[in-house]
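Asker: Structure provided below as structure tokens; questions to follow.
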Amino acid sequence: MRSKHQLTVGEGLRQHGISRRAFLKFCASLAALMALPPSMAPAIAAAIGRARRQSVIWLSFQECTGCTESLTRSHSPTLEGLIFDLISLDYHHTLQAASGEAAEQDREQAMKDNEGKYLLVVDGSLPLGNPGYSTIAGRSNLDLLTETARGAAALVAVGTCAAFGGIPGADPNPTGAVPVGDIVKNKPIINIPGCPPIPLAITGTLAYFLTFGRIPELDARGRPRMFYGDTIHDRCYRRPFYDQGKFAASFDDAGARQGWCLFKLGCKGPVTRNACATLKWNEGTSFPIQSGHGCLGCSEPGFWDAGSFYRALSMPVGAVGATVAAGVAVGAAAGLAAALRNRSVRAGARAAHEKVGVAELGGGAEK
Amino acid sequence: MTPLQLLTWARGTGLGWALALCAAGIVLRLAEMLSLGRAADLAPPRARSPGSGWRTVFSRSLPPPGMFRREPVSYIAGYLFHLGLLFILFLSAAHIELFHALWGLAWPALPSPLVDAMALVAIVSLLVLLVQRLTHPVKRFLSGFQDYLTWAVTLLPLLTGYLATHHLLLDYPLMLALHILSVELLLVLLPFTKLFHSVSVFFSRWYNGDAFARKGVAS
């Protein structure tokens with residue numbers, strides 16, 4: 001009998017008792033997810049069915065494991081969960097049984113067996129301030145990433161930390177955190193931001209790679225267009241109320257309950273590209289805006305520093321009173337200095353029986 | 001830099017700097033001008049005309065006899081632009097929300113179609129005034145770089161505000177960021193260019209009215 005690694009995905013699914021019909025249905029939903037015509041479903045099924053399970057190495061750096069938690073939410077009991085049977089997750093701190101030396105050996109073995117072919121998934125940012133801030137098996141994150149990236153076919157930066165720096169990279173960035181893209185320059189990188197990302201965006205991107213053998217179309221920020229092509233606002237069910245100018249004034253007021261737009265409560269939907277409004281969470285149950293809370297913009301670079309979560313996008317980020325007062329004070333001091341100077345110029349002119357004009361008094365700004 | 005980062009800068013750091021520079025500039029220039037003072041006029045006033053300065057503040061808003069007929073474009077377009085700008089600035093719902101957030105003061109807004117119309121009127125007036133400035137030989141001769149600069153920095157907030165409100169040309173967040181940035185440019189330039197007339201106009205009118213009254217030509 002062939003080992004689990006050598007089975008094709010189709011064989012593996014049949015072993016698990018997954019029917020052809022269920023598999024085709026899954027492929028049709030994948031096709032829809034990737035914005036492909038339904039006629040592509042059999043082609044996807046054929047491609048996935050024939051494929052060897054894709055070797056995936058998952059490295060976790062400065063992260064909270066929320067991304068992995070999110071991924072496991074797509075796990076069971078839905079068929080999407082069986083993406084785990086489409087891939088061979090050869091190394092993942094949280095999910096693998098092996099630990100210590102054995103775990104590291106798994107990674108090295110997978111790298112050797114699948115040289116140039118494995119996918120490297122990364123969650124978490126890398127601390128460049130001091131390598132000691134985050135280590136695995138006594139090695140710095142930077143060291144581990146550069147070593148593992150060398151033989152990878154492509155990298156997938158899962159979560160906003162790996163894609164853009166995220167919360168570790170937020171002001172004042174005490175660890176000097178940087179995203180994967182700042183370190184690895186010579187490999188294709190797919191960013192799947194979100195805090196955490198939608199599980200289907202992770203599994204869907206992996207499935208795309210498996211089906212077509214290449215990375216999906218990406219936007220300027222390296223995000224797959226199929227999941228990050230639209231803003232939350234574009235697809236939000238509260239959008240008609242935005243267009244009508246109907247806004248909730250406070251959480252859970254009459255307007256909010258009638259589905260009015262949460263823009264004035266600080267919703268970042270208009271500047272956030274993600275699929276929450278269409279794919280939703282927990283198997284399509286709901287998403288933050290449906291639960292009455294504005295979007296935090298978690299899949300955008302710098303979301304943590306984008307002003308308060310509860311201030312409208314058109315409002316100032318913070319109070320400006322102190323800044324204006326400082327401006328007035330500086331202006332008054334400069335004005336006093338100018339007044340004294342002008343006075344002495346005039347006194348000097350008077351003593352010398354000369355005339356003074358605007359030019360001598362430092363004026364003339366309105367020429 | 002993403003539109004969100006640009007917008008965040010405009011709403012935060014940029015806004016702080018712009019307001020501080022604007023406040024500092026206004027205070028500086030007011031202090032500079034008011035501290036200059038005027039030489040005491042030792043001659044007795046020709047006529048007693050209390051309140052002439054205050055009356056002039058308002059009467060200078062009206063065209064002197066014959067001027068309206070000579071310069072209808074300047075007066076009509078000038079009036080429409082200034083009124084449009086004031087209406088949009090102080091009576092559009094979005095701006096009242098901003099003042100409310102900044103200072104806790106709110107007042108009723110005009111219906112948005114009316115504000116839209118005023119915005120278009122103000123924009124068209126500015127364009128008409130530019131065409132006239134370029135084609136009128138005397139106006140063109142009198143115009144310098146600053147006249148065109150102040151025209152441009154006044155038009156930009158109007159234009160970007162209109163485009164942002166109606167979701168035209170660019171994504172809303174990017175256009176909103178450009179709108180806020182254009183206002184910040186206007187704020188920074190205001191104290192140091194001819195735009196300072198928005199502050200100084202009433203001081204100078206009062207002074208002229210008062211001085212002329214002493215010379216026997218009270219308004």
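By convention here, the chains of the structure tokens are called A, B, ... in the order presented, each chain's residues are numbered starting at 1, and ligands are numbered starting at 1 in the order presented.
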May I have the residues of chain B within 7 Å of chain A, counting only C-alpha atoms, written as a PyMOL selection string?

Answerer: chain B and resi 4-5+8+11-12+16+19-21+23-25+27-29+31-32+35-36+98+173+192-194

Asker: Selected residues, C-alpha atoms, written as a PDB file, in the first residue's frame, please.

Answerer:
ATOM      1  CA  LEU B   4      -6.489  54.326   4.200  1.00  0.00           C
ATOM      2  CA  GLN B   5      -3.018  55.386   5.320  1.00  0.00           C
ATOM      3  CA  THR B   8      -5.472  58.518   8.318  1.00  0.00           C
ATOM      4  CA  ARG B  11      -7.370  63.124   9.427  1.00  0.00           C
ATOM      5  CA  GLY B  12      -4.632  63.008  12.054  1.00  0.00           C
ATOM      6  CA  GLY B  16      -3.156  68.896  13.355  1.00  0.00           C
ATOM      7  CA  LEU B  19      -4.838  73.819  12.000  1.00  0.00           C
ATOM      8  CA  ALA B  20      -1.812  74.746  14.107  1.00  0.00           C
ATOM      9  CA  LEU B  21      -0.091  76.549  11.205  1.00  0.00           C
ATOM     10  CA  ALA B  23      -3.946  79.444  13.875  1.00  0.00           C
ATOM     11  CA  ALA B  24      -0.328  80.504  14.336  1.00  0.00           C
ATOM     12  CA  GLY B  25      -0.351  82.392  11.031  1.00  0.00           C
ATOM     13  CA  VAL B  27      -2.472  85.286  15.216  1.00  0.00           C
ATOM     14  CA  LEU B  28       0.957  86.291  13.916  1.00  0.00           C
ATOM     15  CA  ARG B  29      -0.389  88.431  11.106  1.00  0.00           C
ATOM     16  CA  ALA B  31      -0.605  90.873  15.937  1.00  0.00           C
ATOM     17  CA  GLU B  32       1.792  92.239  13.344  1.00  0.00           C
ATOM     18  CA  SER B  35       0.553  96.410  16.640  1.00  0.00           C
ATOM     19  CA  LEU B  36       1.657  98.729  13.828  1.00  0.00           C
ATOM     20  CA  LEU B  98     -17.319  67.849  11.726  1.00  0.00           C
ATOM     21  CA  PRO B 173     -11.769  57.089   0.669  1.00  0.00           C
ATOM     22  CA  PHE B 192       0.178  84.096   4.281  1.00  0.00           C
ATOM     23  CA  THR B 193      -1.597  84.963   1.025  1.00  0.00           C
ATOM     24  CA  LYS B 194      -4.413  87.172  -0.232  1.00  0.00           C
TER      25      LYS B 194
END

Asker: So, with only C-alpha atoms as the atoms that count, which of A:Arg14, A:Arg52, A:Leu265, A:Lys280 lies closest to A:Gly213?

Answerer: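 Of all the options, A:Arg52 lies closest to A:Gly213.
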
Asker: Compile the contact shell of B:His95 as a list in words: residues with an atom at most 10 Å away, counting only C-alpha atoms, same-chain residues fewer than 5 positions apart removed.

Answerer: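 Selected residues are Ser314 and Met315 of chain A; Ile88, Leu89, Phe90, His100, Ala101, Ala106 and Ala109 of chain B.
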
Asker: Would you mind exporting C-alpha atoms of the selected residues as a PDB file, in the first residue's frame?

Answerer:
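Saved result, again39.pdb, follows:
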ATOM      1  CA  SER A 314     -14.514  61.739   7.716  1.00  0.00           C
ATOM      2  CA  MET A 315     -13.865  62.824  11.316  1.00  0.00           C
TER       3      MET A 315
ATOM      4  CA  ILE B  88     -21.359  74.732   1.795  1.00  0.00           C
ATOM      5  CA  LEU B  89     -18.861  75.359   4.561  1.00  0.00           C
ATOM      6  CA  PHE B  90     -21.363  76.036   7.319  1.00  0.00           C
ATOM      7  CA  HIS B 100     -19.970  69.008  16.168  1.00  0.00           C
ATOM      8  CA  ALA B 101     -17.132  66.520  16.589  1.00  0.00           C
ATOM      9  CA  ALA B 106     -24.391  71.685  15.923  1.00  0.00           C
ATOM     10  CA  ALA B 109     -28.291  71.616   7.850  1.00  0.00           C
TER      11      ALA B 109
END

Asker: If we count only C-alpha atoms, what is near B:Arg214 at a cut-off of 9 Å, once residues fewer than 5 positions away on the same chain are taken out, given as a ChimeraX atom specification?

Answerer: /B:44-49,209

Asker: Taking into account only C-alpha atoms, which residue in the set B:Leu155, B:Leu15, B:Leu80, B:Met118 is nearest to B:Leu181?

Answerer: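 Among B:Leu155, B:Leu15, B:Leu80, B:Met118, it is B:Leu15 that comes nearest to B:Leu181.
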
Asker: Using DSSP secondary structure from the backbone, list all helix (DSSP H, G or I) positions within stretch 19-148 of chain B, as a PyMOL selection string.

Answerer: chain B and resi 19-36+52-59+67-70+72-91+93-103+112-135+137-142+145-148

Asker: Which one of A:Leu142, A:Gly222, A:Pro196, A:Val158 sits closest to A:Trp281 if you count only C-alpha atoms?

Answerer: A:Pro196

Asker: Enumerate the residues of stretch 51-246 of chain A with a DSSP assignment of strand (DSSP E or B), computed from the backbone, and present them as a VMD selection string.

Answerer: chain A and resid 52 54 to 60 62 87 to 91 119 to 123 125 to 127 135 to 136 139 to 140 154 to 158 177 to 178 189 to 192 218 224 231

Asker: Write out, as a compact mmCIF listing (two decimals), in the first residue's frame, the residues just selected, with N, CA and C atoms.

Answerer:
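Result file follows (selection.txt):
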# COMPACT_ATOMS: atom_id res chain seq x y z
N ARG A 52 -1.20 15.16 -6.52
CA ARG A 52 -0.62 14.67 -5.27
C ARG A 52 -0.93 15.70 -4.20
N GLN A 54 -0.49 18.46 -1.82
CA GLN A 54 0.51 19.53 -1.84
C GLN A 54 1.18 19.63 -0.48
N SER A 55 2.50 19.61 -0.49
CA SER A 55 3.23 19.76 0.77
C SER A 55 3.18 21.22 1.22
N VAL A 56 2.78 21.41 2.45
CA VAL A 56 2.69 22.76 3.00
C VAL A 56 3.47 22.83 4.31
N ILE A 57 4.34 23.82 4.41
CA ILE A 57 5.05 24.07 5.68
C ILE A 57 4.50 25.37 6.24
N TRP A 58 4.11 25.34 7.48
CA TRP A 58 3.46 26.51 8.09
C TRP A 58 4.36 27.02 9.22
N LEU A 59 4.87 28.23 9.09
CA LEU A 59 5.71 28.82 10.12
C LEU A 59 4.94 29.90 10.87
N SER A 60 5.02 29.86 12.19
CA SER A 60 4.32 30.85 13.00
C SER A 60 5.34 31.71 13.72
N GLN A 62 5.61 36.10 15.14
CA GLN A 62 4.94 36.93 16.16
C GLN A 62 3.45 36.97 15.86
N ILE A 87 -4.09 18.85 1.07
CA ILE A 87 -2.71 19.25 1.31
C ILE A 87 -2.09 18.31 2.33
N SER A 88 -0.79 18.32 2.36
CA SER A 88 -0.09 17.59 3.40
C SER A 88 0.58 18.63 4.27
N LEU A 89 -0.02 18.88 5.40
CA LEU A 89 0.51 19.92 6.28
C LEU A 89 1.69 19.32 7.04
N ASP A 90 2.89 19.54 6.52
CA ASP A 90 4.05 18.81 7.03
C ASP A 90 4.66 19.44 8.28
N TYR A 91 4.34 20.68 8.53
CA TYR A 91 4.93 21.33 9.72
C TYR A 91 4.01 22.44 10.16
N LEU A 119 4.69 24.66 -0.56
CA LEU A 119 4.15 26.00 -0.25
C LEU A 119 4.59 26.35 1.17
N LEU A 120 5.04 27.57 1.35
CA LEU A 120 5.40 28.02 2.70
C LEU A 120 4.35 29.02 3.16
N VAL A 121 3.62 28.62 4.19
CA VAL A 121 2.63 29.52 4.77
C VAL A 121 3.25 30.14 6.02
N VAL A 122 3.09 31.45 6.15
CA VAL A 122 3.62 32.14 7.33
C VAL A 122 2.51 32.91 8.00
N ASP A 123 2.38 32.79 9.30
CA ASP A 123 1.55 33.75 10.02
C ASP A 123 2.40 34.42 11.09
N SER A 125 4.42 38.33 12.26
CA SER A 125 5.46 39.20 11.71
C SER A 125 6.82 38.82 12.28
N LEU A 126 7.88 39.39 11.69
CA LEU A 126 9.24 39.06 12.14
C LEU A 126 9.84 40.24 12.89
N PRO A 127 10.38 39.98 14.11
CA PRO A 127 10.98 41.08 14.86
C PRO A 127 12.42 41.32 14.39
N THR A 135 11.71 33.29 19.01
CA THR A 135 12.58 32.23 18.48
C THR A 135 11.83 30.91 18.45
N ILE A 136 12.27 30.02 17.57
CA ILE A 136 11.71 28.67 17.49
C ILE A 136 12.89 27.71 17.48
N ARG A 139 16.18 29.31 17.31
CA ARG A 139 16.59 30.05 16.11
C ARG A 139 15.66 31.24 15.88
N SER A 140 16.24 32.30 15.34
CA SER A 140 15.44 33.50 15.14
C SER A 140 14.45 33.28 14.00
N ALA A 154 6.22 28.96 -3.54
CA ALA A 154 5.60 30.27 -3.29
C ALA A 154 5.37 30.41 -1.81
N LEU A 155 5.15 31.66 -1.38
CA LEU A 155 4.86 31.91 0.03
C LEU A 155 3.44 32.42 0.18
N VAL A 156 2.80 32.04 1.26
CA VAL A 156 1.48 32.57 1.56
C VAL A 156 1.58 33.25 2.92
N ALA A 157 1.41 34.58 2.94
CA ALA A 157 1.45 35.31 4.21
C ALA A 157 0.02 35.39 4.74
N VAL A 158 -0.26 34.56 5.74
CA VAL A 158 -1.62 34.48 6.27
C VAL A 158 -1.76 35.44 7.45
N ALA A 177 8.87 44.99 14.16
CA ALA A 177 8.21 43.95 13.38
C ALA A 177 8.07 44.35 11.91
N VAL A 178 8.37 43.38 11.02
CA VAL A 178 8.17 43.61 9.59
C VAL A 178 7.39 42.44 9.00
N ILE A 189 4.74 35.96 -3.41
CA ILE A 189 4.11 35.97 -2.08
C ILE A 189 2.63 36.31 -2.25
N ILE A 190 1.79 35.48 -1.68
CA ILE A 190 0.36 35.76 -1.68
C ILE A 190 0.01 36.28 -0.28
N ASN A 191 -0.54 37.46 -0.19
CA ASN A 191 -0.97 37.98 1.10
C ASN A 191 -2.45 37.65 1.32
N ILE A 192 -2.74 37.06 2.47
CA ILE A 192 -4.14 36.79 2.83
C ILE A 192 -4.40 37.49 4.16
N LEU A 218 -3.37 38.65 -8.25
CA LEU A 218 -3.23 39.43 -7.03
C LEU A 218 -3.44 40.92 -7.30
N PRO A 224 -5.18 38.04 -3.19
CA PRO A 224 -5.95 37.44 -4.28
C PRO A 224 -7.20 38.28 -4.58
N THR A 231 -14.59 46.14 -1.78
CA THR A 231 -14.58 46.58 -0.39
C THR A 231 -15.78 45.96 0.33

Asker: For each of B:Leu168, B:Leu83, B:Leu158, B:Val201, take the minimum atom-to-atom distance to B:Val183, counting only C-alpha atoms, then give the residue where this is smallest.

Answerer: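 That would be B:Leu158, the residue with the smallest distance to B:Val183.
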